[in-house]
Amino acid sequence: MIEILSPAELVRAKDTGALVANILHTLKGRTTVGTNLLDIDQWAKSMILEAGAVSCYVDYAPSFGRGPFGHYICTGVNDAVLHGLPRDYTLADGDLLTLDLAVSLHGVAADSAISFIVGESRPAESVAMIEVTERALRAGIAAARPGAKIGDLSYAIGAVLGEAGYPVNTEFGGHGIGSTMHQDPHVPNMGRPGRGYKLRPGLLLALEPWVMADTAQLVTDADGWTLRSVTGCRTAHSEHTIAITKDGAEILTLPTLVH
């Protein structure tokens with residue numbers, strides 16, 4: 001299903017996007033060496049419920065997971081890149097952490113992910129990998145405008161990832177979003193320009209470039225959810241929810257908090 005949101009729904013989408021971004025901003029600020037992933041999950045739960053929002057994850061049970069997910073945020077550490085199930089793990093200096101959050105507020109969902117390094121260490125390869133996913137995300141957003149095709153966005157994202165030397169997996173990628181978290185169209189992180197669904201004002205998309213340092217192959221963790229690099233290499237993931245407007249793309253998941 002592909003949804004086109006009404007102007008009133010787009011207003012609500014902006015509120016949801018800001019909430020998701022502000023929660024991620026707050027969680028990043030609280031996360032330090034010694035933080036437990038289960039604490040991050042509980043912080044996310046408290047902020048979601050306090051806002052009167054609904055988690056898109058707790059009852060989520062797709063065919064590719066051992067559902068229901070049962071937690072409020074995805075937490076991926078180092079070689080875990082997607083669907084990271086929060087677990088009893090204490091973060092160490094230099095860990096590369098990905099937080100992926102989707103919530104619904106007033107009937108409209110938004111989805112965003114950030115990757116960052118915990119503590120004072122700054123492993124150069126990890127910093128570079130995070131920056132590449134952020135740059136690819138900006139490229140995909142820049143290509144998103146009325147009349148453009150999904151393939152144009154995929155090509156823009158994939159060009160950045162490929163030029164940086166990263167293998168690209170197309171099994172999981174971006175997606176439509178609206179009254180539910182995961183909708184059509186699928187937005188792979190590599191594609192051919194001029195192909196696929198034509199973008200229209202009112203369409204919401206979650207674009208999410210993600211990479212693994214030296215492989216495109218994933219393996220599912222014993223928890224039935226967490227997807228890891230098959231080689232154990234580090235991974236990174238960046239995501240924004242955008243709205244297609246008559247003038248281009250508007251990023252909905254930018255934080256409004258300042259601290």
# chains A, B, ... in the order shown; residues from 1 in each chain; ligands from 1
>>> closest_atom_pairs(of="range 172-215 of chain A", to="range 91-110 of chain A", cutoff="9 Å", atoms="only C-alpha atoms", output="tab-separated table")
residue	atom	partner	partner_atom	distance
A:Ile177	CA	A:Ala109	CA	6.7
A:Gly178	CA	A:Val108	CA	5.4
A:Ser179	CA	A:Val108	CA	4.7
A:Thr180	CA	A:Ala109	CA	6.0
A:Met181	CA	A:Ala109	CA	5.7
A:Leu204	CA	A:Ala110	CA	8.8
A:Ala206	CA	A:Ala110	CA	7.8
>>> write_last_selection(atoms="C-alpha atoms", output="mmCIF file, in the first residue's frame")
data_model
loop_
_atom_site.group_PDB
_atom_site.id
_atom_site.type_symbol
_atom_site.label_atom_id
_atom_site.label_comp_id
_atom_site.auth_asym_id
_atom_site.auth_seq_id
_atom_site.Cartn_x
_atom_site.Cartn_y
_atom_site.Cartn_z
ATOM 1 C CA ILE A 177 5.582 5.325 5.879
ATOM 2 C CA GLY A 178 2.326 6.889 7.035
ATOM 3 C CA SER A 179 -0.457 5.413 9.139
ATOM 4 C CA THR A 180 1.815 2.389 9.602
ATOM 5 C CA MET A 181 5.593 2.096 9.900
ATOM 6 C CA LEU A 204 6.249 10.065 3.182
ATOM 7 C CA ALA A 206 11.940 6.722 5.346
#
>>> residues_around(residues="Asn22 in chain A", least_positions_apart="2", cutoff="9 Å", atoms="only C-alpha atoms", output="mmCIF file with C-alpha atoms, in the first residue's frame")
data_model
loop_
_atom_site.group_PDB
_atom_site.id
_atom_site.type_symbol
_atom_site.label_atom_id
_atom_site.label_comp_id
_atom_site.auth_asym_id
_atom_site.auth_seq_id
_atom_site.Cartn_x
_atom_site.Cartn_y
_atom_site.Cartn_z
ATOM 1 C CA GLY A 17 8.974 13.350 13.278
ATOM 2 C CA ALA A 18 10.060 15.951 15.808
ATOM 3 C CA LEU A 19 9.210 13.580 18.661
ATOM 4 C CA VAL A 20 11.286 10.756 17.179
ATOM 5 C CA LEU A 24 17.032 10.072 19.695
ATOM 6 C CA HIS A 25 18.812 13.357 20.490
ATOM 7 C CA THR A 26 18.131 12.875 24.198
ATOM 8 C CA LEU A 27 19.179 9.236 24.181
ATOM 9 C CA THR A 253 12.984 13.882 11.807
ATOM 10 C CA LEU A 254 15.209 16.790 12.793
ATOM 11 C CA PRO A 255 15.498 17.516 16.544
ATOM 12 C CA THR A 256 13.969 20.707 17.885
ATOM 13 C CA LEU A 257 15.652 20.373 21.283
#
>>> select_by_dssp(residues="range 93-201 of chain A", states="strand (DSSP E or B)", output="PyMOL selection string")
chain A and resi 96-105+108-117+149+174-176+183-187+198
>>> residues_around(residues="Ile244 in chain A", least_positions_apart="6", cutoff="6 Å", atoms="only C-alpha atoms", output="compact mmCIF listing (two decimals) with N, CA and C atoms, in the first residue's frame")
# COMPACT_ATOMS: atom_id res chain seq x y z
N PRO A 201 3.60 14.79 -4.18
CA PRO A 201 3.45 15.53 -2.92
C PRO A 201 2.49 14.79 -1.98
N GLY A 202 2.87 14.75 -0.72
CA GLY A 202 2.08 14.03 0.28
C GLY A 202 2.61 12.66 0.60
N LEU A 203 3.58 12.19 -0.18
CA LEU A 203 4.20 10.88 0.10
C LEU A 203 5.25 11.03 1.19
>>> select_by_dssp(residues="range 140-230 of chain A", states="alpha helix (DSSP H)", output="PyMOL selection string")
chain A and resi 140-142+150-163
>>> write_last_selection(atoms="C-alpha atoms", output="compact mmCIF listing (two decimals), in the first residue's frame")
# COMPACT_ATOMS: atom_id res chain seq x y z
CA GLY A 140 18.98 10.55 -1.39
CA ILE A 141 17.04 13.42 0.14
CA ALA A 142 18.40 15.86 -2.46
CA ILE A 150 12.34 5.77 -6.55
CA GLY A 151 15.27 4.60 -8.66
CA ASP A 152 16.65 8.13 -8.70
CA LEU A 153 16.83 8.13 -4.89
CA SER A 154 18.32 4.63 -4.79
CA TYR A 155 20.91 5.56 -7.39
CA ALA A 156 21.94 8.71 -5.49
CA ILE A 157 22.33 6.76 -2.24
CA GLY A 158 24.15 3.84 -3.85
CA ALA A 159 26.56 6.09 -5.74
CA VAL A 160 27.84 7.58 -2.49
CA LEU A 161 28.15 4.21 -0.76
CA GLY A 162 29.79 2.55 -3.75
CA GLU A 163 32.25 5.37 -4.40
>>> closest_atom_pairs(of="range 42-129 of chain A", to="range 216-223 of chain A", cutoff="10 Å", atoms="only C-alpha atoms", output="CSV")
residue,atom,partner,partner_atom,distance
A:Phe64,CA,A:Thr220,CA,9.4
A:Gly65,CA,A:Thr220,CA,9.0
A:Arg66,CA,A:Asp223,CA,7.7
A:Asp79,CA,A:Leu218,CA,9.8
A:Ala80,CA,A:Asp221,CA,8.8
A:Val81,CA,A:Leu218,CA,9.0
A:Leu82,CA,A:Leu218,CA,9.4
A:His83,CA,A:Thr220,CA,9.7
A:Gly84,CA,A:Asp221,CA,9.1
A:Leu85,CA,A:Asp223,CA,7.5
A:Pro86,CA,A:Asp223,CA,10.0
A:Arg87,CA,A:Asp223,CA,9.5
>>> atom_distance(atom1="CA of Ser6 in chain A", atom2="CA of Leu199 in chain A")
15.0 Å
>>> residues_around(residues="Ile2 in chain A", least_positions_apart="4", cutoff="7 Å", atoms="only C-alpha atoms", output="list in words")
Gly176, Gln183, Asp184 and Pro185 of chain A
>>> write_last_selection(atoms="C-alpha atoms", output="mmCIF file, in the first residue's frame")
data_model
loop_
_atom_site.group_PDB
_atom_site.id
_atom_site.type_symbol
_atom_site.label_atom_id
_atom_site.label_comp_id
_atom_site.auth_asym_id
_atom_site.auth_seq_id
_atom_site.Cartn_x
_atom_site.Cartn_y
_atom_site.Cartn_z
ATOM 1 C CA GLY A 176 7.071 4.278 2.560
ATOM 2 C CA GLN A 183 4.677 0.548 3.590
ATOM 3 C CA ASP A 184 5.386 0.494 -0.118
ATOM 4 C CA PRO A 185 7.364 1.641 -1.974
#
>>> atom_distance(atom1="CA of Glu3 in chain A", atom2="CA of Gly173 in chain A")
18.1 Å
>>> atom_distance(atom1="CA of Gly196 in chain A", atom2="CA of Thr170 in chain A")
14.8 Å
>>> closest_residue(among="A:Gly165, A:Gly34, A:Gly248, A:Gly76", to="Arg228 in chain A", atoms="only C-alpha atoms")
A:Gly76
>>> closest_residue(among="A:Cys74, A:Ile114, A:Leu137, A:Ala213", to="Tyr166 in chain A", atoms="only C-alpha atoms")
A:Ala213
>>> residues_around(residues="Thr90 in chain A", least_positions_apart="3", cutoff="7 Å", atoms="only C-alpha atoms", output="list in words")
Gly34, Thr35, Asn36 and Leu37 of chain A
>>> write_last_selection(atoms="all heavy atoms", output="mmCIF file, in the first residue's frame")
data_model
loop_
_atom_site.group_PDB
_atom_site.id
_atom_site.type_symbol
_atom_site.label_atom_id
_atom_site.label_comp_id
_atom_site.auth_asym_id
_atom_site.auth_seq_id
_atom_site.Cartn_x
_atom_site.Cartn_y
_atom_site.Cartn_z
ATOM 1 N N GLY A 34 29.488 2.571 29.956
ATOM 2 C CA GLY A 34 28.824 2.009 31.128
ATOM 3 C C GLY A 34 27.314 1.967 31.027
ATOM 4 O O GLY A 34 26.654 1.338 31.858
ATOM 5 N N THR A 35 26.736 2.626 30.002
ATOM 6 C CA THR A 35 25.294 2.558 29.802
ATOM 7 C C THR A 35 24.912 1.166 29.307
ATOM 8 O O THR A 35 25.569 0.590 28.449
ATOM 9 C CB THR A 35 24.832 3.608 28.770
ATOM 10 O OG1 THR A 35 25.131 4.910 29.264
ATOM 11 C CG2 THR A 35 23.342 3.505 28.510
ATOM 12 N N ASN A 36 23.816 0.631 29.836
ATOM 13 C CA ASN A 36 23.311 -0.671 29.411
ATOM 14 C C ASN A 36 22.241 -0.477 28.333
ATOM 15 O O ASN A 36 21.434 0.447 28.415
ATOM 16 C CB ASN A 36 22.723 -1.416 30.612
ATOM 17 C CG ASN A 36 22.450 -2.882 30.318
ATOM 18 O OD1 ASN A 36 21.530 -3.227 29.577
ATOM 19 N ND2 ASN A 36 23.251 -3.763 30.916
ATOM 20 N N LEU A 37 22.243 -1.349 27.347
ATOM 21 C CA LEU A 37 21.256 -1.235 26.275
ATOM 22 C C LEU A 37 19.824 -1.326 26.802
ATOM 23 O O LEU A 37 18.916 -0.683 26.255
ATOM 24 C CB LEU A 37 21.481 -2.333 25.227
ATOM 25 C CG LEU A 37 22.824 -2.332 24.486
ATOM 26 C CD1 LEU A 37 22.841 -3.449 23.452
ATOM 27 C CD2 LEU A 37 23.101 -0.988 23.834
#
>>> closest_residue(among="A:Met190, A:Arg200, A:Trp225, A:Gly29", to="Lys246 in chain A", atoms="only C-alpha atoms")
A:Arg200
>>> closest_residue(among="A:Ser121, A:Thr16, A:Ser126, A:Thr245", to="Val77 in chain A", atoms="only C-alpha atoms")
A:Ser126
>>> residues_around(residues="Glu239 in chain A", least_positions_apart="5", cutoff="6 Å", atoms="only C-alpha atoms", output="ChimeraX atom specification")
/A:112-113,207-208
